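S.K.: Input structure: structure_31.pdb, which contains PDB, C-alpha atoms.
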```pdb
ATOM      1  CA  MET A   4      -6.805 -22.032  24.154
ATOM      2  CA  PHE A   5      -7.412 -19.600  21.271
ATOM      3  CA  ILE A   6      -5.585 -19.145  18.023
ATOM      4  CA  VAL A   7      -5.492 -15.711  16.468
ATOM      5  CA  THR A   8      -4.380 -14.962  12.950
ATOM      6  CA  ALA A   9      -3.770 -11.403  11.832
ATOM      7  CA  LYS A  10      -3.007 -11.184   8.133
ATOM      8  CA  CYS A  11      -1.244  -7.950   7.188
ATOM      9  CA  ILE A  12      -1.109  -6.893   3.537
ATOM     10  CA  LEU A  13       1.751  -4.442   3.260
ATOM     11  CA  ILE A  14       2.397  -1.489   0.990
ATOM     12  CA  GLU A  15       4.971  -2.442  -1.654
ATOM     13  CA  GLY A  16       8.524  -2.006  -0.339
ATOM     14  CA  LYS A  17       7.570  -1.700   3.348
ATOM     15  CA  THR A  18       8.283  -5.303   4.369
ATOM     16  CA  GLU A  19      11.762  -4.747   5.787
ATOM     17  CA  GLU A  20      10.664  -1.683   7.747
ATOM     18  CA  PHE A  21       7.728  -3.701   9.115
ATOM     19  CA  LYS A  22      10.050  -6.520  10.217
ATOM     20  CA  VAL A  23      12.263  -4.093  12.162
ATOM     21  CA  ILE A  24       9.412  -2.331  13.946
ATOM     22  CA  VAL A  25       7.639  -5.599  14.816
ATOM     23  CA  GLU A  26      10.641  -7.088  16.639
ATOM     24  CA  THR A  27       9.940  -5.280  19.905
ATOM     25  CA  LEU A  28       6.254  -6.192  19.761
ATOM     26  CA  ILE A  29       7.087  -9.869  19.282
ATOM     27  CA  LYS A  30       9.694  -9.887  22.043
ATOM     28  CA  GLU A  31       7.478  -8.180  24.630
ATOM     29  CA  THR A  32       4.316 -10.069  23.680
ATOM     30  CA  ARG A  33       6.022 -13.420  24.176
ATOM     31  CA  GLU A  34       6.738 -12.419  27.765
ATOM     32  CA  GLU A  35       3.085 -11.704  28.515
ATOM     33  CA  ASN A  36       1.074 -13.886  30.844
ATOM     34  CA  GLY A  37      -1.177 -16.216  28.853
ATOM     35  CA  CYS A  38       0.781 -15.937  25.616
ATOM     36  CA  ILE A  39       1.491 -19.521  24.485
ATOM     37  CA  SER A  40       3.101 -18.566  21.180
ATOM     38  CA  TYR A  41       3.398 -15.454  19.031
ATOM     39  CA  ASN A  42       5.029 -15.796  15.635
ATOM     40  CA  LEU A  43       5.170 -13.918  12.347
ATOM     41  CA  TYR A  44       5.166 -15.653   8.975
ATOM     42  CA  GLN A  45       5.699 -14.458   5.431
ATOM     43  CA  ASP A  46       3.763 -15.762   2.454
ATOM     44  CA  ILE A  47       6.134 -17.599   0.125
ATOM     45  CA  ASN A  48       4.177 -16.449  -2.934
ATOM     46  CA  ASN A  49       3.693 -12.824  -1.913
ATOM     47  CA  GLN A  50       6.326 -11.150   0.265
ATOM     48  CA  ASN A  51       3.888  -8.341   1.088
ATOM     49  CA  ILE A  52       1.681 -10.715   3.098
ATOM     50  CA  LEU A  53       2.828 -11.171   6.688
ATOM     51  CA  THR A  54       0.621 -13.063   9.103
ATOM     52  CA  PHE A  55       0.785 -13.323  12.861
ATOM     53  CA  PHE A  56      -0.030 -16.722  14.342
ATOM     54  CA  GLU A  57      -0.806 -16.361  18.011
ATOM     55  CA  GLU A  58      -1.861 -18.861  20.677
ATOM     56  CA  TRP A  59      -3.489 -17.512  23.848
ATOM     57  CA  GLU A  60      -4.543 -19.343  26.990
ATOM     58  CA  SER A  61      -7.803 -17.412  27.219
ATOM     59  CA  LYS A  62      -9.794 -14.609  25.705
ATOM     60  CA  ASN A  63      -8.807 -12.534  28.774
ATOM     61  CA  SER A  64      -5.109 -12.896  28.055
ATOM     62  CA  LEU A  65      -5.771 -11.826  24.470
ATOM     63  CA  ASP A  66      -7.832  -8.821  25.612
ATOM     64  CA  ARG A  67      -5.088  -7.833  28.084
ATOM     65  CA  HIS A  68      -2.568  -8.018  25.218
ATOM     66  CA  MET A  69      -4.554  -5.531  23.161
ATOM     67  CA  ASN A  70      -4.350  -3.096  26.102
ATOM     68  CA  THR A  71      -0.594  -3.336  26.726
ATOM     69  CA  LYS A  72       1.643  -0.329  26.155
ATOM     70  CA  HIS A  73       3.787  -2.138  23.597
ATOM     71  CA  PHE A  74       0.747  -3.173  21.552
ATOM     72  CA  LYS A  75      -0.842   0.299  21.707
ATOM     73  CA  ASP A  76       2.476   1.941  20.766
ATOM     74  CA  ILE A  77       3.539  -0.371  17.952
ATOM     75  CA  ALA A  78       0.335  -1.562  16.270
ATOM     76  CA  PRO A  79      -0.448   1.905  14.809
ATOM     77  CA  LYS A  80       3.087   2.143  13.380
ATOM     78  CA  LEU A  81       2.642  -1.243  11.706
ATOM     79  CA  ARG A  82      -0.769  -0.210  10.387
ATOM     80  CA  GLU A  83       0.856   2.758   8.582
ATOM     81  CA  LEU A  84       2.858   0.257   6.518
ATOM     82  CA  GLN A  85      -0.234  -1.747   5.514
ATOM     83  CA  LYS A  86      -2.572  -1.295   2.539
ATOM     84  CA  GLU A  87      -5.625  -2.067   4.681
ATOM     85  CA  ASP A  88      -6.610  -3.152   8.164
ATOM     86  CA  SER A  89      -5.294  -6.550   9.233
ATOM     87  CA  ILE A  90      -7.663  -9.456   8.598
ATOM     88  CA  VAL A  91      -8.087 -10.867  12.085
ATOM     89  CA  ASN A  92      -9.694 -14.188  12.942
ATOM     90  CA  ILE A  93      -9.981 -15.764  16.381
ATOM     91  CA  TYR A  94     -10.320 -19.518  16.366
ATOM     92  CA  ASN A  95     -11.227 -22.438  18.539
ATOM     93  CA  LYS A  96      -9.838 -25.870  17.737
ATOM     94  CA  ILE A  97     -12.452 -28.360  16.502
TER      95      ILE A  97
ATOM     96  CA  MET B  10       9.111 -26.173   7.564
ATOM     97  CA  PHE B  11       6.057 -24.588   5.920
ATOM     98  CA  ILE B  12       2.795 -23.471   7.393
ATOM     99  CA  VAL B  13      -0.305 -23.609   5.245
ATOM    100  CA  THR B  14      -3.587 -21.968   6.072
ATOM    101  CA  ALA B  15      -6.696 -22.780   4.101
ATOM    102  CA  LYS B  16      -9.624 -20.628   5.114
ATOM    103  CA  CYS B  17     -12.985 -22.122   4.114
ATOM    104  CA  ILE B  18     -16.085 -19.928   4.093
ATOM    105  CA  LEU B  19     -19.042 -22.261   4.267
ATOM    106  CA  ILE B  20     -22.564 -22.050   2.951
ATOM    107  CA  GLU B  21     -24.955 -21.291   5.822
ATOM    108  CA  GLY B  22     -25.984 -24.490   7.628
ATOM    109  CA  LYS B  23     -23.290 -26.708   6.101
ATOM    110  CA  THR B  24     -20.821 -26.599   9.020
ATOM    111  CA  GLU B  25     -21.816 -29.887  10.673
ATOM    112  CA  GLU B  26     -21.815 -31.744   7.356
ATOM    113  CA  PHE B  27     -18.357 -30.301   6.636
ATOM    114  CA  LYS B  28     -17.054 -31.458  10.008
ATOM    115  CA  VAL B  29     -18.231 -35.041   9.372
ATOM    116  CA  ILE B  30     -16.752 -35.288   5.879
ATOM    117  CA  VAL B  31     -13.441 -33.729   6.897
ATOM    118  CA  GLU B  32     -12.740 -36.277   9.655
ATOM    119  CA  THR B  33     -11.302 -38.881   7.289
ATOM    120  CA  LEU B  34      -9.155 -36.281   5.519
ATOM    121  CA  ILE B  35      -7.703 -35.104   8.838
ATOM    122  CA  LYS B  36      -7.055 -38.665  10.080
ATOM    123  CA  GLU B  37      -5.331 -39.843   6.900
ATOM    124  CA  THR B  38      -3.389 -36.623   6.350
ATOM    125  CA  ARG B  39      -1.869 -36.776   9.819
ATOM    126  CA  GLU B  40      -0.419 -40.179   8.910
ATOM    127  CA  GLU B  41       1.340 -38.836   5.839
ATOM    128  CA  ASN B  42       5.111 -38.565   5.657
ATOM    129  CA  GLY B  43       6.200 -34.963   6.222
ATOM    130  CA  CYS B  44       2.984 -33.866   7.903
ATOM    131  CA  ILE B  45       4.005 -32.188  11.185
ATOM    132  CA  SER B  46       0.515 -31.069  12.152
ATOM    133  CA  TYR B  47      -2.865 -30.793  10.475
ATOM    134  CA  ASN B  48      -5.682 -29.157  12.439
ATOM    135  CA  LEU B  49      -9.026 -27.520  11.759
ATOM    136  CA  TYR B  50     -10.237 -24.455  13.638
ATOM    137  CA  GLN B  51     -13.540 -22.608  13.751
ATOM    138  CA  ASP B  52     -13.832 -18.839  13.964
ATOM    139  CA  ILE B  53     -15.399 -17.903  17.296
ATOM    140  CA  ASN B  54     -17.194 -14.937  15.717
ATOM    141  CA  ASN B  55     -18.424 -16.678  12.574
ATOM    142  CA  GLN B  56     -19.194 -20.397  12.706
ATOM    143  CA  ASN B  57     -19.179 -20.560   8.901
ATOM    144  CA  ILE B  58     -15.421 -19.877   8.798
ATOM    145  CA  LEU B  59     -13.318 -23.001   9.252
ATOM    146  CA  THR B  60      -9.566 -22.796   8.711
ATOM    147  CA  PHE B  61      -7.009 -25.524   8.329
ATOM    148  CA  PHE B  62      -3.633 -24.915   9.982
ATOM    149  CA  GLU B  63      -1.074 -27.249   8.539
ATOM    150  CA  GLU B  64       2.663 -27.678   9.172
ATOM    151  CA  TRP B  65       4.707 -29.505   6.534
ATOM    152  CA  GLU B  66       8.371 -30.534   6.589
ATOM    153  CA  SER B  67       8.888 -29.480   2.990
ATOM    154  CA  LYS B  68       7.158 -28.188  -0.085
ATOM    155  CA  ASN B  69       7.510 -31.739  -1.505
ATOM    156  CA  SER B  70       5.541 -33.247   1.334
ATOM    157  CA  LEU B  71       2.834 -30.641   0.774
ATOM    158  CA  ASP B  72       2.772 -31.321  -2.975
ATOM    159  CA  ARG B  73       2.562 -35.080  -2.309
ATOM    160  CA  HIS B  74      -0.391 -34.421   0.000
ATOM    161  CA  MET B  75      -2.293 -32.654  -2.739
ATOM    162  CA  ASN B  76      -1.882 -35.775  -4.894
ATOM    163  CA  THR B  77      -3.057 -38.336  -2.353
ATOM    164  CA  LYS B  78      -6.242 -40.320  -2.946
ATOM    165  CA  HIS B  79      -7.867 -39.080   0.254
ATOM    166  CA  PHE B  80      -7.200 -35.421  -0.643
ATOM    167  CA  LYS B  81      -8.406 -35.842  -4.242
ATOM    168  CA  ASP B  82     -11.534 -37.702  -3.052
ATOM    169  CA  ILE B  83     -12.531 -35.451  -0.168
ATOM    170  CA  ALA B  84     -11.459 -31.915  -1.139
ATOM    171  CA  PRO B  85     -14.109 -31.635  -3.914
ATOM    172  CA  LYS B  86     -16.830 -32.747  -1.482
ATOM    173  CA  LEU B  87     -15.742 -30.071   1.002
ATOM    174  CA  ARG B  88     -15.636 -27.474  -1.777
ATOM    175  CA  GLU B  89     -19.329 -28.169  -2.535
ATOM    176  CA  LEU B  90     -20.153 -26.957   1.000
ATOM    177  CA  GLN B  91     -18.213 -23.709   0.566
ATOM    178  CA  LYS B  92     -19.356 -20.320  -0.759
ATOM    179  CA  GLU B  93     -16.076 -19.818  -2.614
ATOM    180  CA  ASP B  94     -12.674 -21.379  -3.109
ATOM    181  CA  SER B  95     -10.574 -21.724   0.036
ATOM    182  CA  ILE B  96      -8.189 -18.839   0.690
ATOM    183  CA  VAL B  97      -4.851 -20.617   0.803
ATOM    184  CA  ASN B  98      -1.586 -19.115   1.995
ATOM    185  CA  ILE B  99       1.750 -20.885   2.317
ATOM    186  CA  TYR B 100       4.124 -19.348   4.828
ATOM    187  CA  ASN B 101       7.693 -19.349   5.958
ATOM    188  CA  LYS B 102       8.533 -18.385   9.526
ATOM    189  CA  ILE B 103      10.387 -15.043   9.832
TER     190      ILE B 103
END
```
Before anything else, please render the file you have as structure tokens.
M.R.:
Amino acid sequence: MFIVTAKCILIEGKTEEFKVIVETLIKETREENGCISYNLYQDINNQNILTFFEEWESKNSLDRHMNTKHFKDIAPKLRELQKEDSIVNIYNKI
Amino acid sequence: MFIVTAKCILIEGKTEEFKVIVETLIKETREENGCISYNLYQDINNQNILTFFEEWESKNSLDRHMNTKHFKDIAPKLRELQKEDSIVNIYNKI
């Protein structure tokens, strides 16, 4: 099992727009094979920081996710609302 | 419920020492009131990045944690093995 975090630092004022666009991505991703959980969190001290917490059964299921239509369609739209590229880390539990 | 991430970027070669010292902190923290989960993960692409994923019932339970003896004793020792301060984010689920 892998945990992925993707920290998105948004352009000021784009948070609500981001939340609307991301809904479809969340809904469809959760239905993917190998997706254990896929949630979005907001930093309580900085509303412009939104982080995805994702649990995947395998690296393959994560790689497949990155090649789905919904990810390829929506991720670029989300990126337009961000100051910089997402900070992505892939973790193993110790 | 709050999620806390604390990303620790370690000094080269200090990972094993960190893992030994942190064991007591993890064990005792999990027994605290209000601690839902408290886990440590290692980045699969950079073994010097270890991140705590913590779930707390309330901000109070998190604040209490930061004032426990085991946290106050062990956190400074872990910090000595890190290149910089931990990157801490506190999140609410969207």
S.K.: To one decimal in Å, tell me the separation between CA of Ile6 (chain A) and CA of Arg73 (chain B).
M.R.: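 Here the two named atoms are 27.1 Å from each other.
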S.K.: Name the closest residue to chain B among the candidates A:Ala78, A:Ile39, A:Met69, A:Ile52; distances are taken between atoms, counting all atoms listed in the file.
M.R.: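 Ranked by minimum distance to chain B, first place goes to A:Ile52.
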S.K.: Do a neighbour search on Glu21 (chain B) at 10 Å with all atoms listed in the file, toss out local chain neighbours closer than 4 positions, and write the hits as a compact mmCIF listing (two decimals) with C-alpha atoms, keeping the file's coordinate frame.
M.R.:
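Result file follows (out.txt):
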```txt
# COMPACT_ATOMS: atom_id res chain seq x y z
CA GLN B 56 -19.19 -20.40 12.71
CA ASN B 57 -19.18 -20.56 8.90
CA LEU B 90 -20.15 -26.96 1.00
CA GLN B 91 -18.21 -23.71 0.57
CA LYS B 92 -19.36 -20.32 -0.76
```
S.K.: Give me the result of the PyMOL selection byres ((chain B) within 7 of (chain A)) on this file, residue by residue, as an NGL selection string.
M.R.: :B and (49-53 or 98-103)
S.K.: Exactly which residues make up the result of the PyMOL selection byres ((chain B and resi 38) around 10) on this file, given as JSON, numbers by chain?
M.R.: {"B": [32, 33, 34, 35, 36, 37, 39, 40, 41, 42, 43, 44, 45, 46, 47, 48, 63, 74, 75, 77, 79, 80]}
S.K.: For CA of Ile24 (chain A) and CA of Lys10 (chain A), quote the distance in Å rounded to one decimal.
M.R.: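 Distance between the two atoms: 16.3 Å.
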S.K.: Given all atoms listed in the file as the basis, pick out the residue of A:Val25, A:Ala9, A:Met4, A:Leu65 nearest to Lys80 (chain A).
M.R.: A:Val25
S.K.: May I ask for the distance between CA of Ile14 (chain A) and CA of Arg82 (chain A), given in Å to one decimal place?
M.R.: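 Those two atoms sit 10.0 Å apart.
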S.K.: Using all atoms of region 31-50 of chain A listed in the file and a margin of 3 Å per side, can you give the axis-aligned box centre and edge lengths in Å to one decimal, as JSON?
M.R.:
```
{"center_x": 3.2, "center_y": -13.9, "center_z": 14.0, "size_x": 14.7, "size_y": 17.3, "size_z": 39.8}
```
